[in-house]
2 protein chains.
Amino acid sequence: MLELKHLPISSFNENIAYIHRDCPVYKIDNIKTMTRIEIHGGESPVYAFLQIVDSGKIIRPGELGLNTEAFRQIGLPEGSKVTLTLTPPAQSMVSVRRKIAGNILSDEEYADIVADIVARRYSNMDIASFLVATGSFVTPGELLSLTEALRGDRVVDWGSEEIVADHYCLGDVPGNKTDLILTAIVAAYGLPIPKTAAHSLSGVSGAADTMAVLANVETDVRSLKKQVLEKRGAIVALDGLEIAAADKIISAVEQQNGLATLERSVSSFLAVKMAAGITHLLVDIPVGPRARVRSTQEAMRLRKLIEYVGDMMEISVDVVITDGSEPIGSGIGAALEARDVMKVLKNKEDAPEDLKEKSLFLAGRILEFDPKLRGGQGYVVARELLKSGKALDAMEQIIKAQGKVKDPVQLGHLTRDVVAETDGTVKRIDNGFITRLTVLCGGGQYPGAGVDLFRKTGDKVTAGDILYRIYSCNENDFAFAGTVLESGKNGFEIGR
Amino acid sequence: MLELKHLPISSFNENIAYIHRDCPVYKIDNIKTMTRIEIHGGESPVYAFLQIVDSGKIIRPGELGLNTEAFRQIGLPEGSKVTLTLTPPAQSMVSVRRKIAGNILSDEEYADIVADIVARRYSNMDIASFLVATGSFVTPGELLSLTEALRGDRVVDWGSEEIVADHYCLGDVPGNKTDLILTAIVAAYGLPIPKTAAHSLSGVSGAADTMAVLANVETDVRSLKKQVLEKRGAIVALDGLEIAAADKIISAVEQQNGLATLERSVSSFLAVKMAAGITHLLVDIPVGPRARVRSTQEAMRLRKLIEYVGDMMEISVDVVITDGSEPIGSGIGAALEARDVMKVLKNKEDAPEDLKEKSLFLAGRILEFDPKLRGGQGYVVARELLKSGKALDAMEQIIKAQGKVKDPVQLGHLTRDVVAETDGTVKRIDNGFITRLTVLCGGGQYPGAGVDLFRKTGDKVTAGDILYRIYSCNENDFAFAGTVLESGKNGFEIGR
């Protein structure tokens with residue numbers, strides 16, 4: 001019997017248990033490598049990975065320490081008596097090994113793997129092994145099995161709503177925050193749209209980060225339902241919602257090792273949207289030399305895959321392939337993007353035209369999910385909702401319902417302008433360069449950091465014209481970004 | 001600037017840095033997932049993974065905590081001023097992604113990956129990703145590149161010795177501690193044999209664990225060299241030797257996720273033996289339905305692979321394929337195996353014949369590495385060295401040189417006999433069952449735990465005869481083993 005203690009350490013998705021080297025229960029001398037244990041005493045056993053402590057100030061010999069993740073899971077007060085046993089790797093790792101060996105796994109095998117991941121029986125490295133094993137090759141049938149397992153049993157119930165819509169963009173195009181605008185338009189039309197958005201994982205702003213500049217985005221399923229049933233729309237962070245637990249754990253590992261495949265992304269967003277109770281989903285696949293999807297052929301292959309899984313799981317899916325060769329909008333970084341979004345919704349003259357047009361196009365496709373709307377009318381209706389200010393009204397109601405941000409985010413106080421060196425026309429803007437620059441400026445870490453584009457492809461420039469301005473919130477990031485700019489490249493190709 | 005603090009926590013091969021949630025330098029609110037940092041202030045930057053602490057008792061806001069692994073690496077006293085920067089994933093992860101995509105990696109790519117692993121730029125999950133990626137397919141050329149990278153630059157120098165021999169067994173056969181016997185024979189003959197042995201990873205006794213029952217096995221390269229040059233033999237744990245650092249890190253991950261492939265094992269043991277300066281290596285591939293290698297065809301494929309890599313790296317390799325269908329010797333578990341080894345060396349009448357014969361066969365093959373020995377004479381010379389007591393003398397000298405264990409290990413005080421239920425002949429003993437039972441008894445954790453076989457295949461039995469006895473050191477393990485035995489199986493097939 002050991003006495004439970006909470007060591008308030010956050011280890012990002014891994015349960016860790018700490019015991020003293022002189023623990024009377026476990027002979028540590030014999031522990032040579034990372035060891036899995038099963039902790040008994042709570043309602044159900046909690047799995048954790050053992051670490052050894054050599055200081056009584058952190059853990060005394062008769063105590064078992066749990067990090068914040070594991071302590072929350074065991075649900076017992078400090079001082080409770082617990083026991084522990086060594087536990088072998090999860091049984092479903094056999095299936096992971098089968099997958100590595102090139103086999104096709106069954107529905108049950110995917111369900112077992114996902115169940116073990118949710119129970120925290122997989123270490124992060126076990127999850128990475130699973131991801132890499134499924135990364136080289138999965139059949140469409142396997143992707144369906146995985147998606148069903150990831151969706152899980154908990155699906156948000158929207159009661160009598162016949163259509164619950166959302167949109168997903170298979171990303172990596174800088175700017176491109178159509179999400180917020182189309183949500184406002186669709187809500188203004190009256191279709192319920194509970195947009196679940198991601199926080200930045202790649203270092204540039206996620207839609208949840210951009211929305212967080214305007215309103216609170218952290219919520220739970222109950223509040224989300226209430227808001228959408230009343231206001232028809234919401235833009236919230238997925239994190240706090242009690243759905244698709246396995247997908248969140250897996251995504252954290254993917255983020256960490258940068259090994260997400262397109263197939264896994266498909267299973268991930270379909271699972272999450274279905275767990276959120278979405279019935280009609282618009283998927284945007286931007287194609288460009290520096291986007292995630294680099295050819296129309298690849299986009300078409302993905303479209304078929306998304307349609308197949310969507311059809312089998314009985315969700316209406318509309319997949320559009322768009323131009324992802326350029327940043328969309330002017331600002332890249334949460335505060336700058338939020339500014340662009342509000343400019344579009346307010347019908348400002350200097351609103352970025354490309355962001356507005358793409359948002360209208362996508363919103364129009366979602367509106368056409370409504371059987372009452374005549375085919376081809378979606379775009380026109382969307383434009384009317386935007387022009388009339390109804391979309392802005394809807395957005396303001398959504399912001400109010402979620403909790404408006406009181407102190408507006410200030411743009412970074414450190415700025416630098418990058419200017420054209422020659423006269424000419426902008427031929428190309430390098431998405432990859434602009435994304436990297438935004439990350440270096442501190443975008444994704446600081447909402448006020450980012451890159452503001454003054455010129456886009458096709459614009460005429462004269463030597464000395466500002467191409468873009470960078471914003472940083474601290475000297476460190478600012479210096480980093482400066483180093484890259486002094487390397488001679490600026491991401492713009494200017495020609496005749 | 002943060003103040004360095006050592007948090008005496010062992011995390012098994014991963015560098016962990018701890019900062020307080022109110023750290024004045026890093027805005028933790030923005031850290032959503034596991035984050036890599038680079039710590040500056042020591043001789044070279046140290047890479048670590050960040051964890052967040054919510055208690056000033058563990059880490060104060062102005063401090064940076066390092067776990068034992070990272071603290072040792074940075075080499076600075078507590079209280080030193082350090083800075084930290086966020087750091088992207090290791091550059092060589094690009095090659096890991098290329099491997100996942102099915103590409104063949106170059107020499108340089110393997111060298112870069114291994115260098116990043118040694119620098120601790122890979123998290124355990126990055127290492128797992130690399131293992132799985134190379135697990136599905138590597139060319140012989142890639143295996144050579146990997147082996148060269150794993151061997152590293154530090155190779156033990158044996159001066160004027162022309163032959164430095166060792167043996168490696170591609171395991172998973174219970175018992176089978178020929179290692180200790182053949183080392184004694186080869187040392188008695190006069191060929192230097194610095195046997196680097198593993199501690200148990202799979203839960204049953206490794207050769208280092210079995211030797212540890214008799215003598216100290218923890219040493220460093222300097223002491224190992226001195227001993228082998230004087231006594232001609234040593235049997236030591238690989239752990240403490242300052243060689244093949246990358247391989248140790250990778251092996252710990254493999255152990256954790258159970259994903260070792262045969263190819264990786266080949267690169268691992270060849271790299272370690274070559275880093276130990278071995279010039280002549282005997283490799284034993286046991287084949288059996290429950291051994292690691294299950295068919296002669298598979299063994300032959302491995303033999304070719306070992307010979308190819310060995311030849312290219314200019315080490316003399318002799319590969320033998322042996323029968324791995326049965327346990328070798330009587331005892332399984334460190335103390336029982338050590339007992340069998342000493343029985344063979346002491347020419348006891350009840351010494352297990354199969355262990356003796358296999359050891360003589362292998363020792364004979366090693367002796368024939370000596371050009372002075374006439375072909376085919378190895379076995380005869382080995383038998384003579386054993387029979388005359390010279391091998392025992394050699395073993396006693398090795399034990400003395402390493403430091404004899406003063407208090408002999410006691411066999412577990414909890415025992416249970418498993419008896420034959422019918423008359424007949426033992427047709428088959430299930431290696432897998434016996435291994436599992438040994439693990440459950442506590443073998444690998446407690447040297448005194450294990451299974452002692454009273455009957456082997458071919459033996460006649462009468463109902464009621466003891467087939468084997470299990471030994472446990474604590475009630476928990478004993479009860480576990482009992483549960484399995486009460487399931488109706490006992491691992492023995494008895495027929496007419």
# chains A, B, ... in the order shown; residues from 1 in each chain; ligands from 1
call {"tool": "interface_residues", "arguments": {"of": "chain A", "to": "chain B", "cutoff": "8 Å", "atoms": "only C-alpha atoms", "output": "PDB file with C-alpha atoms, in the first residue's frame"}}
result
ATOM      1  CA  PRO A   8       1.433  19.125  -9.957  1.00  0.00           C
ATOM      2  CA  ILE A   9       3.437  18.508 -13.125  1.00  0.00           C
ATOM      3  CA  SER A  10       1.847  18.637 -16.593  1.00  0.00           C
ATOM      4  CA  SER A  11       3.480  16.202 -18.944  1.00  0.00           C
ATOM      5  CA  PHE A  12       1.322  16.744 -22.022  1.00  0.00           C
ATOM      6  CA  ASN A  30      15.694  -4.133 -10.806  1.00  0.00           C
ATOM      7  CA  ILE A  31      13.985  -1.522 -12.929  1.00  0.00           C
ATOM      8  CA  LYS A  32      16.221  -0.934 -15.906  1.00  0.00           C
ATOM      9  CA  THR A  33      13.926   0.719 -18.398  1.00  0.00           C
ATOM     10  CA  MET A  34      10.695   2.632 -18.587  1.00  0.00           C
ATOM     11  CA  THR A  35       8.096   0.595 -16.791  1.00  0.00           C
ATOM     12  CA  LEU A  50       7.074   4.999 -13.709  1.00  0.00           C
ATOM     13  CA  GLN A  51       9.785   7.518 -12.912  1.00  0.00           C
ATOM     14  CA  ILE A  52      12.187   7.191 -10.003  1.00  0.00           C
ATOM     15  CA  VAL A  53      12.763   9.989  -7.507  1.00  0.00           C
ATOM     16  CA  ASP A  54      15.912  10.293  -5.405  1.00  0.00           C
ATOM     17  CA  SER A  55      14.709  13.029  -3.086  1.00  0.00           C
ATOM     18  CA  ILE A  58       9.549  15.402  -3.824  1.00  0.00           C
ATOM     19  CA  PRO A  89       2.292  -3.432 -22.958  1.00  0.00           C
ATOM     20  CA  ARG A  97       3.081  -5.059 -34.925  1.00  0.00           C
ATOM     21  CA  ILE A 100       4.113  -2.830 -39.279  1.00  0.00           C
ATOM     22  CA  ALA A 101       4.459  -6.241 -40.899  1.00  0.00           C
ATOM     23  CA  GLY A 102       2.141  -5.065 -43.684  1.00  0.00           C
ATOM     24  CA  ASN A 124       3.461   8.542 -26.541  1.00  0.00           C
ATOM     25  CA  MET A 125       6.011   6.343 -28.237  1.00  0.00           C
ATOM     26  CA  ASP A 126       3.483   3.554 -28.652  1.00  0.00           C
ATOM     27  CA  ILE A 127       1.163   6.059 -30.297  1.00  0.00           C
ATOM     28  CA  ALA A 128       3.978   7.244 -32.543  1.00  0.00           C
ATOM     29  CA  SER A 129       4.606   3.626 -33.523  1.00  0.00           C
ATOM     30  CA  VAL A 132       4.075   5.467 -38.408  1.00  0.00           C
ATOM     31  CA  ALA A 133       2.790   1.934 -38.971  1.00  0.00           C
ATOM     32  CA  GLY A 135       1.380   6.095 -42.092  1.00  0.00           C
ATOM     33  CA  SER A 136       2.944   4.014 -44.832  1.00  0.00           C
ATOM     34  CA  LEU A 201      -0.382  23.373 -33.694  1.00  0.00           C
ATOM     35  CA  ALA A 252      -0.780  15.818 -29.656  1.00  0.00           C
ATOM     36  CA  GLN A 255       2.128  17.624 -33.466  1.00  0.00           C
ATOM     37  CA  GLN A 256       5.154  16.585 -31.463  1.00  0.00           C
ATOM     38  CA  ASN A 257       6.802  14.458 -34.122  1.00  0.00           C
ATOM     39  CA  GLY A 258       5.437  16.189 -37.208  1.00  0.00           C
ATOM     40  CA  LEU A 259       4.408  12.898 -38.768  1.00  0.00           C
ATOM     41  CA  GLY A 444       1.071  31.006 -32.675  1.00  0.00           C
ATOM     42  CA  GLN A 445       2.762  31.927 -29.381  1.00  0.00           C
ATOM     43  CA  TYR A 446       1.653  35.579 -29.251  1.00  0.00           C
TER      44      TYR A 446
END
call {"tool": "select_by_dssp", "arguments": {"residues": "stretch 111-322 of chain A", "states": "strand (DSSP E or B)", "output": "number ranges by chain"}}
result
A: 165-169, 175, 193-197, 215, 233-237, 280-287, 293, 316-322
call {"tool": "write_last_selection", "arguments": {"atoms": "C-alpha atoms", "output": "short mmCIF file (atom, residue, chain, number, x, y, z; two decimals), in the first residue's frame"}}
result
data_model
loop_
_atom_site.label_atom_id
_atom_site.label_comp_id
_atom_site.auth_asym_id
_atom_site.auth_seq_id
_atom_site.Cartn_x
_atom_site.Cartn_y
_atom_site.Cartn_z
CA ALA A 165 -23.40 22.02 -40.77
CA ASP A 166 -19.68 22.66 -40.50
CA HIS A 167 -16.64 23.21 -42.66
CA TYR A 168 -13.11 21.86 -42.50
CA CYS A 169 -10.04 23.10 -44.37
CA GLY A 175 -4.15 33.63 -43.48
CA ILE A 193 -23.17 25.65 -37.41
CA PRO A 194 -21.20 24.63 -34.29
CA LYS A 195 -17.69 25.22 -35.60
CA THR A 196 -15.11 23.25 -33.65
CA ALA A 197 -11.76 24.84 -34.33
CA ALA A 215 -14.23 36.14 -27.88
CA GLY A 233 -23.58 29.57 -34.64
CA ALA A 234 -20.45 29.17 -32.52
CA ILE A 235 -16.71 29.11 -33.09
CA VAL A 236 -15.10 27.26 -30.21
CA ALA A 237 -11.91 25.38 -29.41
CA HIS A 280 -23.44 18.06 -43.42
CA LEU A 281 -19.79 18.86 -43.90
CA LEU A 282 -18.01 21.03 -46.46
CA VAL A 283 -14.36 20.11 -46.90
CA ASP A 284 -11.94 22.57 -48.51
CA ILE A 285 -8.77 21.09 -50.01
CA PRO A 286 -6.43 23.92 -51.02
CA VAL A 287 -3.86 22.84 -53.61
CA VAL A 293 -1.82 18.99 -50.85
CA SER A 316 -23.30 14.38 -46.23
CA VAL A 317 -19.92 15.51 -47.48
CA ASP A 318 -19.19 18.12 -50.14
CA VAL A 319 -15.51 18.38 -51.05
CA VAL A 320 -14.19 21.44 -52.92
CA ILE A 321 -10.68 21.81 -54.28
CA THR A 322 -9.42 25.41 -54.11
#
call {"tool": "closest_residue", "arguments": {"among": "B:Asn431, B:Asn103, B:Ser330, B:Ser268", "to": "B:Pro289", "atoms": "only C-alpha atoms"}}
result
B:Asn431
call {"tool": "residues_around", "arguments": {"residues": "B:Leu355", "least_positions_apart": "6", "cutoff": "7 Å", "atoms": "only C-alpha atoms", "output": "list of chain:residue names"}}
result
B:Asn176, B:Thr178, B:Ile328, B:Gly329
call {"tool": "write_last_selection", "arguments": {"atoms": "N, CA and C atoms", "output": "compact mmCIF listing (two decimals), in the first residue's frame"}}
result
# COMPACT_ATOMS: atom_id res chain seq x y z
N ASN B 176 19.70 -21.57 -21.73
CA ASN B 176 20.62 -21.26 -22.81
C ASN B 176 21.74 -20.31 -22.41
N THR B 178 24.91 -20.57 -22.47
CA THR B 178 26.19 -21.04 -22.99
C THR B 178 27.26 -19.96 -22.87
N ILE B 328 17.24 -24.71 -23.05
CA ILE B 328 18.57 -25.35 -22.95
C ILE B 328 18.97 -25.30 -21.47
N GLY B 329 19.37 -26.44 -20.93
CA GLY B 329 19.69 -26.52 -19.50
C GLY B 329 18.41 -26.78 -18.71
call {"tool": "residues_around", "arguments": {"residues": "A:Ser388", "least_positions_apart": "2", "cutoff": "12 Å", "atoms": "only C-alpha atoms", "output": "PyMOL selection string"}}
result
chain A and resi 185+188-189+345-347+381-386+390-394
call {"tool": "write_last_selection", "arguments": {"atoms": "N, CA and C atoms", "output": "mmCIF file, in the first residue's frame"}}
result
data_model
loop_
_atom_site.group_PDB
_atom_site.id
_atom_site.type_symbol
_atom_site.label_atom_id
_atom_site.label_comp_id
_atom_site.auth_asym_id
_atom_site.auth_seq_id
_atom_site.Cartn_x
_atom_site.Cartn_y
_atom_site.Cartn_z
ATOM 1 N N ILE A 185 -22.081 33.862 -41.729
ATOM 2 C CA ILE A 185 -23.063 33.885 -42.830
ATOM 3 C C ILE A 185 -24.079 32.749 -42.660
ATOM 4 N N ALA A 188 -26.354 33.409 -39.843
ATOM 5 C CA ALA A 188 -27.300 34.467 -40.219
ATOM 6 C C ALA A 188 -28.436 33.894 -41.073
ATOM 7 N N TYR A 189 -28.096 32.916 -41.899
ATOM 8 C CA TYR A 189 -29.107 32.252 -42.732
ATOM 9 C C TYR A 189 -30.044 31.413 -41.865
ATOM 10 N N LEU A 345 -16.599 41.335 -42.666
ATOM 11 C CA LEU A 345 -17.970 41.321 -42.131
ATOM 12 C C LEU A 345 -18.569 42.726 -42.083
ATOM 13 N N LYS A 346 -17.719 43.747 -41.907
ATOM 14 C CA LYS A 346 -18.196 45.131 -41.850
ATOM 15 C C LYS A 346 -18.244 45.786 -43.224
ATOM 16 N N ASN A 347 -18.002 44.986 -44.269
ATOM 17 C CA ASN A 347 -18.017 45.513 -45.641
ATOM 18 C C ASN A 347 -17.109 46.717 -45.822
ATOM 19 N N VAL A 381 -27.216 34.204 -52.048
ATOM 20 C CA VAL A 381 -27.807 34.389 -50.715
ATOM 21 C C VAL A 381 -26.718 34.779 -49.716
ATOM 22 N N ALA A 382 -25.563 34.099 -49.801
ATOM 23 C CA ALA A 382 -24.452 34.404 -48.889
ATOM 24 C C ALA A 382 -24.026 35.857 -49.059
ATOM 25 N N ARG A 383 -23.911 36.312 -50.315
ATOM 26 C CA ARG A 383 -23.472 37.687 -50.584
ATOM 27 C C ARG A 383 -24.460 38.680 -49.993
ATOM 28 N N GLU A 384 -25.737 38.357 -50.128
ATOM 29 C CA GLU A 384 -26.778 39.240 -49.606
ATOM 30 C C GLU A 384 -26.696 39.332 -48.074
ATOM 31 N N LEU A 385 -26.459 38.171 -47.445
ATOM 32 C CA LEU A 385 -26.362 38.148 -45.971
ATOM 33 C C LEU A 385 -25.159 38.956 -45.487
ATOM 34 N N LEU A 386 -24.091 38.934 -46.276
ATOM 35 C CA LEU A 386 -22.903 39.703 -45.904
ATOM 36 C C LEU A 386 -23.143 41.194 -46.119
ATOM 37 N N LYS A 390 -26.282 41.352 -42.036
ATOM 38 C CA LYS A 390 -26.852 40.293 -41.194
ATOM 39 C C LYS A 390 -25.765 39.328 -40.684
ATOM 40 N N ALA A 391 -24.760 39.102 -41.519
ATOM 41 C CA ALA A 391 -23.657 38.225 -41.084
ATOM 42 C C ALA A 391 -22.903 38.876 -39.935
ATOM 43 N N LEU A 392 -22.680 40.192 -40.040
ATOM 44 C CA LEU A 392 -22.009 40.916 -38.953
ATOM 45 C C LEU A 392 -22.831 40.822 -37.660
ATOM 46 N N ASP A 393 -24.153 41.014 -37.774
ATOM 47 C CA ASP A 393 -25.034 40.857 -36.611
ATOM 48 C C ASP A 393 -24.859 39.478 -35.972
ATOM 49 N N ALA A 394 -24.868 38.456 -36.853
ATOM 50 C CA ALA A 394 -24.740 37.082 -36.348
ATOM 51 C C ALA A 394 -23.414 36.922 -35.606
#
call {"tool": "closest_residue", "arguments": {"among": "A:Met312, A:Glu148, A:Pro327, A:Glu38", "to": "A:Gly171", "atoms": "only C-alpha atoms"}}
result
A:Pro327
call {"tool": "atom_distance", "arguments": {"atom1": "atom CA of A:Glu63", "atom2": "atom CA of A:Leu2"}}
result
5.1 Å
call {"tool": "select_by_dssp", "arguments": {"residues": "stretch 111-277 of chain B", "states": "alpha helix (DSSP H)", "output": "ChimeraX atom specification"}}
result
/B:111-118,124-136,140-151,178-189,207-214,221-231,245-257,262-275
call {"tool": "atom_distance", "arguments": {"atom1": "atom CA of B:Glu109", "atom2": "atom CA of B:Ser145"}}
result
8.8 Å
call {"tool": "residues_around", "arguments": {"residues": "A:Val426", "least_positions_apart": "5", "cutoff": "8 Å", "atoms": "only C-alpha atoms", "output": "NGL selection string"}}
result
:A and (455-461 or 492-495)
call {"tool": "decode", "arguments": {"residues": "stretch 420-444 of chain B", "atoms": "N, CA and C atoms", "output": "PDB file, in the first residue's frame"}}
result
ATOM      1  N   ALA B 420       3.313 -34.430 -13.646  1.00  0.00           N
ATOM      2  CA  ALA B 420       2.691 -35.071 -14.809  1.00  0.00           C
ATOM      3  C   ALA B 420       1.348 -35.658 -14.404  1.00  0.00           C
ATOM      4  N   GLU B 421       0.371 -35.497 -15.279  1.00  0.00           N
ATOM      5  CA  GLU B 421      -0.948 -36.047 -14.957  1.00  0.00           C
ATOM      6  C   GLU B 421      -1.146 -37.447 -15.501  1.00  0.00           C
ATOM      7  N   THR B 422      -0.338 -37.808 -16.508  1.00  0.00           N
ATOM      8  CA  THR B 422      -0.443 -39.148 -17.095  1.00  0.00           C
ATOM      9  C   THR B 422       0.947 -39.747 -17.264  1.00  0.00           C
ATOM     10  N   ASP B 423       0.992 -41.030 -17.507  1.00  0.00           N
ATOM     11  CA  ASP B 423       2.247 -41.672 -17.889  1.00  0.00           C
ATOM     12  C   ASP B 423       2.514 -41.363 -19.356  1.00  0.00           C
ATOM     13  N   GLY B 424       3.778 -41.420 -19.738  1.00  0.00           N
ATOM     14  CA  GLY B 424       4.099 -41.226 -21.151  1.00  0.00           C
ATOM     15  C   GLY B 424       5.486 -40.670 -21.347  1.00  0.00           C
ATOM     16  N   THR B 425       5.673 -40.025 -22.504  1.00  0.00           N
ATOM     17  CA  THR B 425       6.972 -39.448 -22.855  1.00  0.00           C
ATOM     18  C   THR B 425       6.760 -37.964 -23.130  1.00  0.00           C
ATOM     19  N   VAL B 426       7.721 -37.122 -22.708  1.00  0.00           N
ATOM     20  CA  VAL B 426       7.614 -35.693 -23.010  1.00  0.00           C
ATOM     21  C   VAL B 426       7.850 -35.491 -24.500  1.00  0.00           C
ATOM     22  N   LYS B 427       6.819 -34.974 -25.181  1.00  0.00           N
ATOM     23  CA  LYS B 427       6.908 -34.803 -26.626  1.00  0.00           C
ATOM     24  C   LYS B 427       7.420 -33.408 -26.986  1.00  0.00           C
ATOM     25  N   ARG B 428       7.045 -32.418 -26.166  1.00  0.00           N
ATOM     26  CA  ARG B 428       7.373 -31.048 -26.523  1.00  0.00           C
ATOM     27  C   ARG B 428       7.262 -30.185 -25.269  1.00  0.00           C
ATOM     28  N   ILE B 429       8.171 -29.212 -25.141  1.00  0.00           N
ATOM     29  CA  ILE B 429       8.049 -28.207 -24.087  1.00  0.00           C
ATOM     30  C   ILE B 429       7.863 -26.859 -24.787  1.00  0.00           C
ATOM     31  N   ASP B 430       6.854 -26.135 -24.357  1.00  0.00           N
ATOM     32  CA  ASP B 430       6.509 -24.881 -25.027  1.00  0.00           C
ATOM     33  C   ASP B 430       7.379 -23.732 -24.473  1.00  0.00           C
ATOM     34  N   ASN B 431       8.383 -23.325 -25.272  1.00  0.00           N
ATOM     35  CA  ASN B 431       9.286 -22.239 -24.868  1.00  0.00           C
ATOM     36  C   ASN B 431       8.542 -21.000 -24.407  1.00  0.00           C
ATOM     37  N   GLY B 432       7.513 -20.649 -25.169  1.00  0.00           N
ATOM     38  CA  GLY B 432       6.775 -19.414 -24.870  1.00  0.00           C
ATOM     39  C   GLY B 432       6.111 -19.488 -23.503  1.00  0.00           C
ATOM     40  N   PHE B 433       5.518 -20.645 -23.223  1.00  0.00           N
ATOM     41  CA  PHE B 433       4.842 -20.829 -21.935  1.00  0.00           C
ATOM     42  C   PHE B 433       5.848 -20.739 -20.787  1.00  0.00           C
ATOM     43  N   ILE B 434       6.967 -21.428 -20.946  1.00  0.00           N
ATOM     44  CA  ILE B 434       7.975 -21.459 -19.877  1.00  0.00           C
ATOM     45  C   ILE B 434       8.554 -20.052 -19.643  1.00  0.00           C
ATOM     46  N   THR B 435       8.770 -19.320 -20.730  1.00  0.00           N
ATOM     47  CA  THR B 435       9.280 -17.953 -20.586  1.00  0.00           C
ATOM     48  C   THR B 435       8.268 -17.100 -19.834  1.00  0.00           C
ATOM     49  N   ARG B 436       6.987 -17.191 -20.240  1.00  0.00           N
ATOM     50  CA  ARG B 436       5.947 -16.378 -19.612  1.00  0.00           C
ATOM     51  C   ARG B 436       5.844 -16.710 -18.126  1.00  0.00           C
ATOM     52  N   LEU B 437       5.916 -18.012 -17.841  1.00  0.00           N
ATOM     53  CA  LEU B 437       5.814 -18.447 -16.451  1.00  0.00           C
ATOM     54  C   LEU B 437       6.988 -17.891 -15.631  1.00  0.00           C
ATOM     55  N   THR B 438       8.182 -17.904 -16.229  1.00  0.00           N
ATOM     56  CA  THR B 438       9.362 -17.373 -15.523  1.00  0.00           C
ATOM     57  C   THR B 438       9.177 -15.896 -15.223  1.00  0.00           C
ATOM     58  N   VAL B 439       8.643 -15.158 -16.198  1.00  0.00           N
ATOM     59  CA  VAL B 439       8.398 -13.723 -15.992  1.00  0.00           C
ATOM     60  C   VAL B 439       7.399 -13.535 -14.848  1.00  0.00           C
ATOM     61  N   LEU B 440       6.334 -14.313 -14.866  1.00  0.00           N
ATOM     62  CA  LEU B 440       5.305 -14.170 -13.830  1.00  0.00           C
ATOM     63  C   LEU B 440       5.849 -14.512 -12.446  1.00  0.00           C
ATOM     64  N   CYS B 441       6.742 -15.509 -12.386  1.00  0.00           N
ATOM     65  CA  CYS B 441       7.353 -15.882 -11.102  1.00  0.00           C
ATOM     66  C   CYS B 441       8.207 -14.752 -10.544  1.00  0.00           C
ATOM     67  N   GLY B 442       8.571 -13.794 -11.410  1.00  0.00           N
ATOM     68  CA  GLY B 442       9.415 -12.689 -10.962  1.00  0.00           C
ATOM     69  C   GLY B 442      10.822 -12.744 -11.553  1.00  0.00           C
ATOM     70  N   GLY B 443      11.056 -13.716 -12.460  1.00  0.00           N
ATOM     71  CA  GLY B 443      12.364 -13.830 -13.119  1.00  0.00           C
ATOM     72  C   GLY B 443      12.658 -12.543 -13.870  1.00  0.00           C
ATOM     73  N   GLY B 444      13.880 -12.080 -13.851  1.00  0.00           N
ATOM     74  CA  GLY B 444      14.216 -10.806 -14.491  1.00  0.00           C
ATOM     75  C   GLY B 444      14.132  -9.678 -13.487  1.00  0.00           C
TER      76      GLY B 444
END
